[in-house]
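Trainee: Sharing a structure with you now.
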Amino acid sequence: MSHESAPPTPEQAAFLLAHRVGHLATVDAQGRPHNVPVCFALLGGHLYIAVDEKPKRVTPERLRRVRNVQANPAVCLVVDDYDEDWSRLAWLQVRGRATLVEDPAERTAALAALRARYPQYRAMALEGRPLLRITPQRWVDWRAAPGS
């Protein structure tokens, strides 16, 4: 896995891993945005997102996020804290490039990391389904109250 990546700060990595769901933004070949909630794992400086077995309207390979990454690899994953007390607001963006993972060893390691993080994946046959790798190029974070 020698894909060049920008590393997060320890605080950014901790914030990311404290969240169970992110929102993945992709863009199609015509520039139309698409945003979907996703589960993710951080492994070796990369983020991995599996297409799971929850019901879908189309086959996994035809999902808009998969087609968009094939047409335009630029992506942004966001995790955030919302609170009615706006002094507690915070978010993290991971801007990078995504690709479908084909390498068997990389797929095995990434799926193991996803299954360790999400027990629901342990009962799912993910091996034959699309797996996305995000190679971060930039980490951007914000807090309403610095140091909180």
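Labels for the structure tokens follow display order: chains A, B, ..., residues from 1 in each chain, ligands from 1.
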Can you write out as a tab-separated table which residues of region 57-132 of chain A fall within 12 Å of region 25-31 of chain A, alongside each residue's closest atom pair and its distance in Å to one decimal, counting only C-alpha atoms and ordering rows by chain and ascending residue number?
Mentor:
residue	atom	partner	partner_atom	distance
A:Leu63	CA	A:Thr26	CA	11.6
A:Arg64	CA	A:Asp28	CA	8.2
A:Arg65	CA	A:Thr26	CA	6.3
A:Val66	CA	A:Thr26	CA	9.0
A:Arg67	CA	A:Asp28	CA	7.4
A:Asn68	CA	A:Asp28	CA	4.5
A:Val69	CA	A:Thr26	CA	6.7
A:Gln70	CA	A:Asp28	CA	8.6
A:Ala71	CA	A:Ala29	CA	5.3
A:Asn72	CA	A:Ala29	CA	6.1
A:Pro73	CA	A:Thr26	CA	7.8
A:Ala74	CA	A:Thr26	CA	6.8
A:Val75	CA	A:Thr26	CA	5.0
A:Cys76	CA	A:Ala25	CA	5.2
A:Leu77	CA	A:Ala25	CA	6.2
A:Val78	CA	A:Ala25	CA	8.2
A:Val79	CA	A:Ala25	CA	11.5
A:Gln93	CA	A:Ala25	CA	10.4
A:Val94	CA	A:Ala25	CA	10.3
A:Arg95	CA	A:Ala25	CA	9.6
A:Gly96	CA	A:Thr26	CA	10.5
A:Arg97	CA	A:Thr26	CA	9.9
A:Ala98	CA	A:Thr26	CA	9.2
A:Thr99	CA	A:Thr26	CA	11.6
A:Leu132	CA	A:Thr26	CA	11.9
Trainee: Tell me, as a list in words, which residues lie within 12 Å of Leu43 (chain A), counting only C-alpha atoms; anything in the same chain fewer than 2 positions away does not count.
Mentor: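 Returned residues: Met1, Ser5, Pro7, Ala13, Leu17, Phe40, Ala41, Gly45, His46, Leu47, Tyr48, Ile49, Glu106, Arg107, Thr108, Ala109, Ala110, Leu111, Ala112, Ala113, Leu114, Ala116, Arg117, Arg133, Ile134, Thr135 and Pro136 of chain A.
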Trainee: Among region 101-146 of chain A, which ones does DSSP assign to strand (DSSP E or B) (computed from the backbone)? Answer as a compact mmCIF listing (two decimals) with all heavy atoms, in the first residue's frame.
Mentor:
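Okay, this is what ended up in out_13.txt:
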# COMPACT_ATOMS: atom_id res chain seq x y z
N LEU A 131 -15.01 -1.93 -2.77
CA LEU A 131 -14.34 -1.39 -1.60
C LEU A 131 -13.59 -0.15 -2.05
O LEU A 131 -12.80 -0.21 -2.99
CB LEU A 131 -13.37 -2.43 -1.01
CG LEU A 131 -12.51 -1.98 0.15
CD1 LEU A 131 -13.36 -1.71 1.39
CD2 LEU A 131 -11.45 -3.04 0.46
N LEU A 132 -13.87 0.98 -1.39
CA LEU A 132 -13.23 2.24 -1.75
C LEU A 132 -12.08 2.55 -0.81
O LEU A 132 -12.18 2.32 0.40
CB LEU A 132 -14.23 3.40 -1.68
CG LEU A 132 -15.44 3.33 -2.61
CD1 LEU A 132 -16.38 4.49 -2.31
CD2 LEU A 132 -15.00 3.35 -4.05
N ARG A 133 -11.00 3.07 -1.37
CA ARG A 133 -9.89 3.61 -0.59
C ARG A 133 -9.81 5.10 -0.85
O ARG A 133 -9.77 5.54 -1.99
CB ARG A 133 -8.55 3.00 -0.98
CG ARG A 133 -7.39 3.63 -0.22
CD ARG A 133 -5.97 3.46 -0.79
NE ARG A 133 -5.75 2.29 -1.58
CZ ARG A 133 -5.63 2.29 -2.92
NH1 ARG A 133 -5.73 3.41 -3.60
NH2 ARG A 133 -5.38 1.18 -3.56
N ILE A 134 -9.79 5.87 0.23
CA ILE A 134 -9.55 7.31 0.12
C ILE A 134 -8.12 7.56 0.55
O ILE A 134 -7.71 7.19 1.66
CB ILE A 134 -10.51 8.14 1.00
CG1 ILE A 134 -11.96 7.94 0.56
CG2 ILE A 134 -10.12 9.62 0.96
CD1 ILE A 134 -12.97 8.61 1.48
N THR A 135 -7.36 8.18 -0.32
CA THR A 135 -6.01 8.62 0.01
C THR A 135 -6.12 10.10 0.36
O THR A 135 -6.35 10.93 -0.52
CB THR A 135 -5.05 8.40 -1.18
OG1 THR A 135 -5.04 7.01 -1.50
CG2 THR A 135 -3.64 8.87 -0.85
N PRO A 136 -6.01 10.43 1.65
CA PRO A 136 -6.17 11.83 2.06
C PRO A 136 -5.07 12.72 1.48
O PRO A 136 -3.91 12.35 1.47
CB PRO A 136 -6.07 11.77 3.59
CG PRO A 136 -6.41 10.37 3.94
CD PRO A 136 -5.86 9.54 2.80
N GLN A 137 -5.49 13.87 1.00
CA GLN A 137 -4.54 14.87 0.52
C GLN A 137 -4.52 16.08 1.45
O GLN A 137 -3.52 16.81 1.49
CB GLN A 137 -4.90 15.30 -0.90
CG GLN A 137 -4.76 14.16 -1.88
CD GLN A 137 -5.22 14.54 -3.27
OE1 GLN A 137 -6.26 15.17 -3.45
NE2 GLN A 137 -4.45 14.14 -4.26
N ARG A 138 -5.63 16.27 2.17
CA ARG A 138 -5.72 17.41 3.08
C ARG A 138 -6.73 17.10 4.17
O ARG A 138 -7.79 16.56 3.90
CB ARG A 138 -6.14 18.66 2.31
CG ARG A 138 -6.10 19.91 3.15
CD ARG A 138 -6.15 21.16 2.29
NE ARG A 138 -6.11 22.32 3.18
CZ ARG A 138 -6.84 23.40 3.00
NH1 ARG A 138 -7.64 23.49 1.97
NH2 ARG A 138 -6.76 24.39 3.84
N TRP A 139 -6.39 17.47 5.39
CA TRP A 139 -7.26 17.33 6.55
C TRP A 139 -7.61 18.74 7.00
O TRP A 139 -6.71 19.54 7.25
CB TRP A 139 -6.57 16.59 7.68
CG TRP A 139 -6.17 15.18 7.33
CD1 TRP A 139 -5.13 14.79 6.53
CD2 TRP A 139 -6.80 13.98 7.76
NE1 TRP A 139 -5.07 13.43 6.45
CE2 TRP A 139 -6.09 12.90 7.20
CE3 TRP A 139 -7.89 13.70 8.58
CZ2 TRP A 139 -6.44 11.58 7.43
CZ3 TRP A 139 -8.24 12.39 8.82
CH2 TRP A 139 -7.52 11.34 8.24
N VAL A 140 -8.89 19.05 7.13
CA VAL A 140 -9.32 20.38 7.53
C VAL A 140 -10.28 20.22 8.72
O VAL A 140 -11.27 19.49 8.61
CB VAL A 140 -10.05 21.12 6.39
CG1 VAL A 140 -10.48 22.51 6.83
CG2 VAL A 140 -9.18 21.19 5.14
N ASP A 141 -9.95 20.87 9.84
CA ASP A 141 -10.82 20.76 11.00
C ASP A 141 -11.22 22.13 11.50
O ASP A 141 -10.55 23.13 11.23
CB ASP A 141 -10.16 19.94 12.12
CG ASP A 141 -8.86 20.54 12.59
OD1 ASP A 141 -8.89 21.49 13.40
OD2 ASP A 141 -7.79 20.06 12.14
N TRP A 142 -12.32 22.15 12.25
CA TRP A 142 -12.84 23.40 12.80
C TRP A 142 -13.57 23.10 14.10
O TRP A 142 -14.24 22.07 14.21
CB TRP A 142 -13.80 24.06 11.81
CG TRP A 142 -14.43 25.30 12.34
CD1 TRP A 142 -13.91 26.57 12.30
CD2 TRP A 142 -15.69 25.42 13.01
NE1 TRP A 142 -14.78 27.45 12.91
CE2 TRP A 142 -15.88 26.76 13.35
CE3 TRP A 142 -16.67 24.48 13.37
CZ2 TRP A 142 -17.01 27.21 14.02
CZ3 TRP A 142 -17.79 24.93 14.03
CH2 TRP A 142 -17.96 26.28 14.35
N ARG A 143 -13.41 23.97 15.07
CA ARG A 143 -14.14 23.89 16.34
C ARG A 143 -14.65 25.29 16.68
O ARG A 143 -13.92 26.26 16.51
CB ARG A 143 -13.23 23.43 17.47
CG ARG A 143 -12.84 21.99 17.39
CD ARG A 143 -12.06 21.59 18.63
NE ARG A 143 -11.74 20.18 18.60
CZ ARG A 143 -12.59 19.21 18.94
NH1 ARG A 143 -13.80 19.49 19.33
NH2 ARG A 143 -12.22 17.94 18.87
Trainee: Report, in Å to a single decimal, how far apart CA of Ala144 (chain A) and CA of Asp85 (chain A) are.
Mentor: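 Atom-to-atom, CA of Asp85 (chain A) to CA of Ala144 (chain A), that is 10.0 Å.
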Trainee: Report as a PyMOL selection string all protein, DNA and RNA residues lying within 8 Å of Asp52 (chain A), evaluated on only C-alpha atoms, omitting residues in the same chain fewer than 5 positions from it.
Mentor: chain A and resi 121+124+126+129
Trainee: Those same residues, written as an mmCIF file, in the first residue's frame with N, CA, C and O atoms?
Mentor:
data_model
loop_
_atom_site.group_PDB
_atom_site.id
_atom_site.type_symbol
_atom_site.label_atom_id
_atom_site.label_comp_id
_atom_site.auth_asym_id
_atom_site.auth_seq_id
_atom_site.Cartn_x
_atom_site.Cartn_y
_atom_site.Cartn_z
ATOM 1 N N TYR A 121 -20.596 -5.879 10.142
ATOM 2 C CA TYR A 121 -19.932 -6.347 8.922
ATOM 3 C C TYR A 121 -19.461 -7.794 9.022
ATOM 4 O O TYR A 121 -19.209 -8.436 8.016
ATOM 5 N N MET A 124 -21.556 -10.135 7.081
ATOM 6 C CA MET A 124 -21.773 -9.778 5.674
ATOM 7 C C MET A 124 -20.642 -10.296 4.796
ATOM 8 O O MET A 124 -19.481 -10.225 5.174
ATOM 9 N N LEU A 126 -18.546 -9.327 2.260
ATOM 10 C CA LEU A 126 -18.069 -8.096 1.623
ATOM 11 C C LEU A 126 -16.989 -8.350 0.578
ATOM 12 O O LEU A 126 -16.655 -7.448 -0.190
ATOM 13 N N ARG A 129 -17.713 -7.434 -3.066
ATOM 14 C CA ARG A 129 -18.386 -6.151 -3.265
ATOM 15 C C ARG A 129 -17.350 -5.026 -3.394
ATOM 16 O O ARG A 129 -16.217 -5.164 -2.953
#
Trainee: Run DSSP on the backbone and grab whatever in region 8-130 of chain A lands in helix (DSSP H, G or I); send it over as a count of residues only.
Mentor: 41
Trainee: What is the distance between CA of Pro146 (chain A) and CA of Ala6 (chain A), in Å to one decimal?
Mentor: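 Distance between the two atoms: 22.7 Å.
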Trainee: Between CA of Leu100 (chain A) and CA of His19 (chain A), what distance in Å does the model show, to one decimal?
Mentor: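 About the pair CA of Leu100 (chain A) and CA of His19 (chain A): they are 23.2 Å apart.
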Trainee: A:Pro10, A:Pro130, A:Ala125, A:Trp86: which is nearest Val51 (chain A), counting only C-alpha atoms?
Mentor: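 The closest residue to Val51 (chain A) is A:Pro130.
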Trainee: Closest to Pro104 (chain A) among A:Glu127, A:Gly22, A:Gln120, A:Ser87, using only C-alpha atoms?
Mentor: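 Closest to Pro104 (chain A) of all the choices is A:Glu127.
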Trainee: A:Asp80, A:Arg115, A:Pro33, A:Glu102: which is nearest Ala18 (chain A), counting only C-alpha atoms?
Mentor: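 Selected residue with least distance to Ala18 (chain A): A:Asp80.
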